[in-house]
Amino acid sequence: MSTGHGLPTTGQKPPLFTTYLEMRSPEQLRPKRCTDARFQIREQKQPNWVFNRDLYFAVGEQWQWIDKRPWTDEQWKEYAVAPELRTFAAYYDGTLVGYYELRSDAESGVEIAYFGLLPEFIGHGLGGALLTSAIEEAWRLSPRRVWVHTCNRDHQQALANYQARGMVVYKVEETVE
């Protein structure tokens, strides 16, 4: 039964829609640049599980990222040193503003595994430039494709940002919780 506003009256959460996008060629990228020299993105060359954990929680809290919330310190340590993982941090005028993680997969692809800005930096025009960096770095690994997934609980502009950079939807899944 519905209230007329699309929300069930049974107290259930609305369905979760997960959208998978990919890019099969670096030529598909429609970059967005930030010309402000105060915006910089640097790879975290030394694995730092605390950095990955803290950014996961700080960026993902408002978007209900829950898959890694119950992880132990040991699980985070193992995750951060995995050879298929690369982590990048974005800074504005020396202040940490966001991050992304790239993970090589078993099918010669690279997933943008986690991506986002800290809450206070959302809406300042940095998301497109950060995503451009993620896609460019992924292609430097010479994959067959670059892919990502997002859902209807992420920022309302997440899907549009992925598509604006040239990523194409290849699958949508609905999960009723």
# chains A, B, ... in the order shown; residues from 1 in each chain; ligands from 1
$ select_by_dssp --residues "range 21-106 of chain A" --states "alpha helix (DSSP H)" --output "VMD selection string"
chain A and resid 49 to 60 73 to 80
$ write_last_selection --atoms "N, CA and C atoms" --output "JSON list (two decimals), in the first residue's frame"
[["chain", "number", "residue", "atom", "x", "y", "z"],
["A", 49, "TRP", "N", 45.74, 2.34, 6.34],
["A", 49, "TRP", "CA", 44.39, 1.85, 6.58],
["A", 49, "TRP", "C", 43.54, 2.84, 7.37],
["A", 50, "VAL", "N", 44.15, 3.62, 8.25],
["A", 50, "VAL", "CA", 43.40, 4.60, 9.03],
["A", 50, "VAL", "C", 42.84, 5.68, 8.09],
["A", 51, "PHE", "N", 43.64, 6.10, 7.11],
["A", 51, "PHE", "CA", 43.19, 7.08, 6.13],
["A", 51, "PHE", "C", 41.99, 6.54, 5.37],
["A", 52, "ASN", "N", 42.11, 5.30, 4.83],
["A", 52, "ASN", "CA", 41.00, 4.72, 4.07],
["A", 52, "ASN", "C", 39.75, 4.59, 4.94],
["A", 53, "ARG", "N", 39.92, 4.10, 6.15],
["A", 53, "ARG", "CA", 38.78, 3.92, 7.06],
["A", 53, "ARG", "C", 38.13, 5.26, 7.39],
["A", 54, "ASP", "N", 38.94, 6.24, 7.77],
["A", 54, "ASP", "CA", 38.39, 7.53, 8.20],
["A", 54, "ASP", "C", 37.68, 8.25, 7.06],
["A", 55, "LEU", "N", 38.23, 8.17, 5.84],
["A", 55, "LEU", "CA", 37.56, 8.81, 4.69],
["A", 55, "LEU", "C", 36.30, 8.06, 4.31],
["A", 56, "TYR", "N", 36.33, 6.76, 4.41],
["A", 56, "TYR", "CA", 35.12, 5.96, 4.14],
["A", 56, "TYR", "C", 33.99, 6.43, 5.05],
["A", 57, "PHE", "N", 34.28, 6.59, 6.34],
["A", 57, "PHE", "CA", 33.25, 7.02, 7.29],
["A", 57, "PHE", "C", 32.87, 8.48, 7.08],
["A", 58, "ALA", "N", 33.85, 9.36, 6.90],
["A", 58, "ALA", "CA", 33.57, 10.79, 6.79],
["A", 58, "ALA", "C", 32.80, 11.13, 5.52],
["A", 59, "VAL", "N", 33.17, 10.52, 4.39],
["A", 59, "VAL", "CA", 32.48, 10.78, 3.12],
["A", 59, "VAL", "C", 31.17, 10.00, 3.06],
["A", 60, "GLY", "N", 31.19, 8.76, 3.50],
["A", 60, "GLY", "CA", 30.05, 7.88, 3.31],
["A", 60, "GLY", "C", 28.93, 7.97, 4.32],
["A", 73, "ASP", "N", 39.85, -3.51, 12.74],
["A", 73, "ASP", "CA", 41.09, -2.88, 12.31],
["A", 73, "ASP", "C", 41.88, -3.81, 11.40],
["A", 74, "GLU", "N", 41.89, -5.10, 11.72],
["A", 74, "GLU", "CA", 42.62, -6.07, 10.90],
["A", 74, "GLU", "C", 42.07, -6.14, 9.48],
["A", 75, "GLN", "N", 40.76, -6.09, 9.34],
["A", 75, "GLN", "CA", 40.16, -6.11, 8.00],
["A", 75, "GLN", "C", 40.55, -4.85, 7.22],
["A", 76, "TRP", "N", 40.56, -3.70, 7.88],
["A", 76, "TRP", "CA", 40.97, -2.46, 7.23],
["A", 76, "TRP", "C", 42.44, -2.53, 6.82],
["A", 77, "LYS", "N", 43.28, -3.07, 7.68],
["A", 77, "LYS", "CA", 44.71, -3.19, 7.36],
["A", 77, "LYS", "C", 44.91, -4.05, 6.13],
["A", 78, "GLU", "N", 44.22, -5.19, 6.08],
["A", 78, "GLU", "CA", 44.33, -6.09, 4.94],
["A", 78, "GLU", "C", 43.84, -5.43, 3.65],
["A", 79, "TYR", "N", 42.75, -4.71, 3.75],
["A", 79, "TYR", "CA", 42.17, -4.01, 2.61],
["A", 79, "TYR", "C", 43.15, -2.97, 2.05],
["A", 80, "ALA", "N", 43.72, -2.16, 2.92],
["A", 80, "ALA", "CA", 44.55, -1.04, 2.48],
["A", 80, "ALA", "C", 45.85, -1.47, 1.81]]
$ select_by_dssp --residues "chain A" --states "strand (DSSP E or B)" --output "CSV table (one decimal) with N, CA, C and O atoms, in the first residue's frame"
chain,number,residue,atom,x,y,z
A,2,SER,N,0.5,2.3,-0.7
A,2,SER,CA,1.3,3.5,-0.9
A,2,SER,C,0.5,4.7,-0.3
A,2,SER,O,-0.7,4.7,-0.2
A,8,PRO,N,6.1,3.4,0.8
A,8,PRO,CA,5.2,2.4,1.4
A,8,PRO,C,4.7,2.8,2.8
A,8,PRO,O,5.4,3.5,3.5
A,16,LEU,N,16.1,0.1,-3.1
A,16,LEU,CA,17.5,0.6,-3.4
A,16,LEU,C,17.7,0.3,-4.9
A,16,LEU,O,17.6,-0.9,-5.3
A,17,PHE,N,18.0,1.3,-5.6
A,17,PHE,CA,18.3,1.2,-7.1
A,17,PHE,C,19.8,1.4,-7.2
A,17,PHE,O,20.3,2.5,-6.9
A,18,THR,N,20.5,0.4,-7.7
A,18,THR,CA,22.0,0.5,-7.9
A,18,THR,C,22.2,0.5,-9.4
A,18,THR,O,21.7,-0.3,-10.2
A,19,THR,N,22.9,1.6,-9.8
A,19,THR,CA,23.2,1.8,-11.3
A,19,THR,C,24.7,1.5,-11.5
A,19,THR,O,25.5,2.1,-10.8
A,20,TYR,N,25.0,0.7,-12.5
A,20,TYR,CA,26.3,0.4,-12.8
A,20,TYR,C,26.6,1.1,-14.1
A,20,TYR,O,25.9,1.0,-15.1
A,21,LEU,N,27.8,1.8,-14.2
A,21,LEU,CA,28.2,2.5,-15.3
A,21,LEU,C,29.6,2.1,-15.7
A,21,LEU,O,30.4,1.7,-14.9
A,22,GLU,N,30.0,2.3,-17.0
A,22,GLU,CA,31.3,1.9,-17.5
A,22,GLU,C,31.7,2.8,-18.6
A,22,GLU,O,30.9,3.5,-19.2
A,23,MET,N,33.0,2.7,-18.8
A,23,MET,CA,33.7,3.4,-19.9
A,23,MET,C,34.6,2.4,-20.6
A,23,MET,O,35.4,1.7,-19.9
A,39,PHE,N,43.6,23.4,-5.8
A,39,PHE,CA,43.0,22.1,-5.8
A,39,PHE,C,44.0,21.1,-6.4
A,39,PHE,O,44.4,21.3,-7.5
A,40,GLN,N,44.4,20.2,-5.6
A,40,GLN,CA,45.4,19.2,-6.0
A,40,GLN,C,44.9,17.8,-5.5
A,40,GLN,O,44.3,17.6,-4.5
A,41,ILE,N,45.3,16.8,-6.4
A,41,ILE,CA,45.0,15.4,-6.1
A,41,ILE,C,46.3,14.6,-6.1
A,41,ILE,O,47.1,14.8,-7.0
A,42,ARG,N,46.5,13.9,-5.0
A,42,ARG,CA,47.8,13.1,-4.8
A,42,ARG,C,47.5,11.7,-4.4
A,42,ARG,O,46.6,11.5,-3.6
A,43,GLU,N,48.2,10.8,-5.0
A,43,GLU,CA,48.1,9.4,-4.6
A,43,GLU,C,48.8,9.2,-3.2
A,43,GLU,O,49.8,9.8,-2.9
A,85,LEU,N,44.6,-2.2,-5.0
A,85,LEU,CA,44.0,-1.0,-4.5
A,85,LEU,C,45.0,0.2,-4.6
A,85,LEU,O,46.1,0.1,-4.2
A,86,ARG,N,44.4,1.3,-5.1
A,86,ARG,CA,45.2,2.6,-5.1
A,86,ARG,C,44.3,3.7,-4.5
A,86,ARG,O,43.1,3.7,-4.9
A,87,THR,N,44.8,4.5,-3.7
A,87,THR,CA,44.0,5.5,-3.0
A,87,THR,C,44.6,6.9,-3.3
A,87,THR,O,45.8,7.1,-3.3
A,88,PHE,N,43.7,7.8,-3.6
A,88,PHE,CA,44.0,9.2,-4.0
A,88,PHE,C,43.3,10.2,-3.1
A,88,PHE,O,42.1,10.0,-2.8
A,89,ALA,N,44.0,11.2,-2.7
A,89,ALA,CA,43.3,12.2,-1.8
A,89,ALA,C,43.3,13.6,-2.5
A,89,ALA,O,44.3,13.9,-3.2
A,90,ALA,N,42.2,14.3,-2.4
A,90,ALA,CA,42.0,15.6,-3.0
A,90,ALA,C,42.2,16.7,-1.9
A,90,ALA,O,41.7,16.5,-0.8
A,91,TYR,N,42.9,17.7,-2.2
A,91,TYR,CA,43.1,18.8,-1.3
A,91,TYR,C,42.8,20.1,-1.9
A,91,TYR,O,43.0,20.3,-3.1
A,92,TYR,N,42.3,21.0,-1.1
A,92,TYR,CA,42.1,22.4,-1.5
A,92,TYR,C,42.8,23.3,-0.6
A,92,TYR,O,42.5,23.3,0.6
A,95,THR,N,43.9,21.6,2.5
A,95,THR,CA,42.9,21.0,3.3
A,95,THR,C,42.3,19.8,2.6
A,95,THR,O,41.9,19.9,1.4
A,96,LEU,N,42.3,18.7,3.3
A,96,LEU,CA,41.7,17.5,2.7
A,96,LEU,C,40.2,17.7,2.4
A,96,LEU,O,39.4,18.2,3.2
A,97,VAL,N,39.8,17.5,1.1
A,97,VAL,CA,38.4,17.7,0.7
A,97,VAL,C,37.7,16.4,0.2
A,97,VAL,O,36.5,16.4,0.2
A,98,GLY,N,38.4,15.4,-0.1
A,98,GLY,CA,37.8,14.2,-0.6
A,98,GLY,C,38.8,13.1,-1.0
A,98,GLY,O,40.0,13.3,-0.8
A,99,TYR,N,38.3,12.1,-1.6
A,99,TYR,CA,39.2,11.0,-2.0
A,99,TYR,C,38.5,10.1,-3.0
A,99,TYR,O,37.3,10.2,-3.3
A,100,TYR,N,39.3,9.2,-3.6
A,100,TYR,CA,38.8,8.1,-4.4
A,100,TYR,C,39.7,6.9,-4.2
A,100,TYR,O,40.9,7.1,-4.0
A,101,GLU,N,39.1,5.7,-4.4
A,101,GLU,CA,39.9,4.5,-4.4
A,101,GLU,C,39.7,3.8,-5.8
A,101,GLU,O,38.5,3.7,-6.2
A,102,LEU,N,40.7,3.3,-6.4
A,102,LEU,CA,40.6,2.5,-7.6
A,102,LEU,C,41.0,1.1,-7.3
A,102,LEU,O,42.0,0.9,-6.5
A,103,ARG,N,40.3,0.1,-7.8
A,103,ARG,CA,40.6,-1.3,-7.5
A,103,ARG,C,40.5,-2.0,-8.8
A,103,ARG,O,39.5,-2.1,-9.5
A,104,SER,N,41.7,-2.6,-9.1
A,104,SER,CA,41.7,-3.5,-10.3
A,104,SER,C,41.0,-4.8,-10.0
A,104,SER,O,41.0,-5.3,-8.9
A,109,GLY,N,39.5,-5.0,-15.5
A,109,GLY,CA,38.9,-3.7,-15.4
A,109,GLY,C,39.4,-3.0,-14.2
A,109,GLY,O,40.1,-3.5,-13.3
A,110,VAL,N,39.1,-1.7,-14.1
A,110,VAL,CA,39.4,-0.9,-12.9
A,110,VAL,C,38.1,-0.3,-12.4
A,110,VAL,O,37.4,0.4,-13.2
A,111,GLU,N,37.8,-0.6,-11.2
A,111,GLU,CA,36.6,0.0,-10.5
A,111,GLU,C,36.9,1.2,-9.7
A,111,GLU,O,37.9,1.3,-9.0
A,112,ILE,N,36.1,2.3,-9.9
A,112,ILE,CA,36.2,3.4,-9.0
A,112,ILE,C,35.4,2.9,-7.8
A,112,ILE,O,34.2,3.0,-7.8
A,113,ALA,N,36.1,2.4,-6.8
A,113,ALA,CA,35.5,1.6,-5.7
A,113,ALA,C,34.8,2.6,-4.7
A,113,ALA,O,33.6,2.3,-4.3
A,114,TYR,N,35.4,3.6,-4.4
A,114,TYR,CA,34.9,4.7,-3.5
A,114,TYR,C,35.3,6.0,-4.0
A,114,TYR,O,36.4,6.2,-4.5
A,115,PHE,N,34.4,7.0,-3.9
A,115,PHE,CA,34.6,8.3,-4.5
A,115,PHE,C,33.7,9.3,-3.8
A,115,PHE,O,32.5,9.0,-3.6
A,116,GLY,N,34.3,10.4,-3.4
A,116,GLY,CA,33.4,11.4,-2.8
A,116,GLY,C,34.2,12.5,-2.1
A,116,GLY,O,35.4,12.5,-1.9
A,117,LEU,N,33.4,13.6,-1.8
A,117,LEU,CA,33.9,14.8,-1.1
A,117,LEU,C,33.4,14.8,0.3
A,117,LEU,O,32.3,14.2,0.6
A,145,ARG,N,38.2,-1.8,-19.3
A,145,ARG,CA,37.2,-0.9,-19.0
A,145,ARG,C,37.4,-0.2,-17.6
A,145,ARG,O,38.1,-0.8,-16.8
A,146,VAL,N,36.7,0.9,-17.4
A,146,VAL,CA,36.6,1.6,-16.1
A,146,VAL,C,35.2,1.6,-15.7
A,146,VAL,O,34.3,1.9,-16.5
A,147,TRP,N,34.9,1.2,-14.5
A,147,TRP,CA,33.5,1.1,-14.1
A,147,TRP,C,33.3,1.6,-12.7
A,147,TRP,O,34.2,1.8,-11.9
A,148,VAL,N,32.0,1.8,-12.4
A,148,VAL,CA,31.6,2.3,-11.1
A,148,VAL,C,30.2,2.0,-10.8
A,148,VAL,O,29.4,1.6,-11.8
A,149,HIS,N,29.7,2.0,-9.6
A,149,HIS,CA,28.3,1.9,-9.3
A,149,HIS,C,27.9,2.9,-8.3
A,149,HIS,O,28.7,3.4,-7.5
A,150,THR,N,26.7,3.4,-8.5
A,150,THR,CA,26.1,4.3,-7.6
A,150,THR,C,24.7,3.9,-7.3
A,150,THR,O,24.2,2.9,-7.8
A,151,CYS,N,24.0,4.6,-6.3
A,151,CYS,CA,22.7,4.2,-6.0
A,151,CYS,C,21.8,5.4,-5.7
A,151,CYS,O,22.4,6.5,-5.6
A,168,VAL,N,28.7,5.2,-19.2
A,168,VAL,CA,27.4,4.8,-19.8
A,168,VAL,C,26.8,3.7,-18.9
A,168,VAL,O,27.5,2.8,-18.4
A,169,VAL,N,25.5,3.8,-18.6
A,169,VAL,CA,24.8,2.8,-17.8
A,169,VAL,C,24.8,1.5,-18.5
A,169,VAL,O,24.4,1.4,-19.7
A,170,TYR,N,25.2,0.4,-17.8
A,170,TYR,CA,25.0,-0.9,-18.4
A,170,TYR,C,24.2,-1.9,-17.6
A,170,TYR,O,23.8,-2.9,-18.1
A,171,LYS,N,23.8,-1.5,-16.4
A,171,LYS,CA,22.9,-2.4,-15.6
A,171,LYS,C,22.3,-1.5,-14.5
A,171,LYS,O,23.0,-0.7,-13.9
A,172,VAL,N,21.0,-1.8,-14.1
A,172,VAL,CA,20.4,-1.3,-13.0
A,172,VAL,C,19.8,-2.4,-12.2
A,172,VAL,O,19.1,-3.2,-12.8
A,173,GLU,N,20.0,-2.4,-10.9
A,173,GLU,CA,19.4,-3.5,-10.0
A,173,GLU,C,18.5,-2.8,-9.0
A,173,GLU,O,18.9,-1.7,-8.5
A,174,GLU,N,17.4,-3.5,-8.7
A,174,GLU,CA,16.5,-3.0,-7.6
A,174,GLU,C,16.6,-4.0,-6.5
A,174,GLU,O,16.4,-5.2,-6.7
A,175,THR,N,16.7,-3.5,-5.3
A,175,THR,CA,16.7,-4.3,-4.1
A,175,THR,C,15.7,-3.8,-3.1
A,175,THR,O,15.7,-2.6,-2.8
$ atom_distance --atom1 "CA of Glu61 in chain A" --atom2 "CA of Pro14 in chain A"
18.6 Å
$ closest_residue --among "A:Pro31, A:Arg38, A:Gly123, A:Thr72" --to "Gln157 in chain A" --atoms "only C-alpha atoms"
A:Gly123
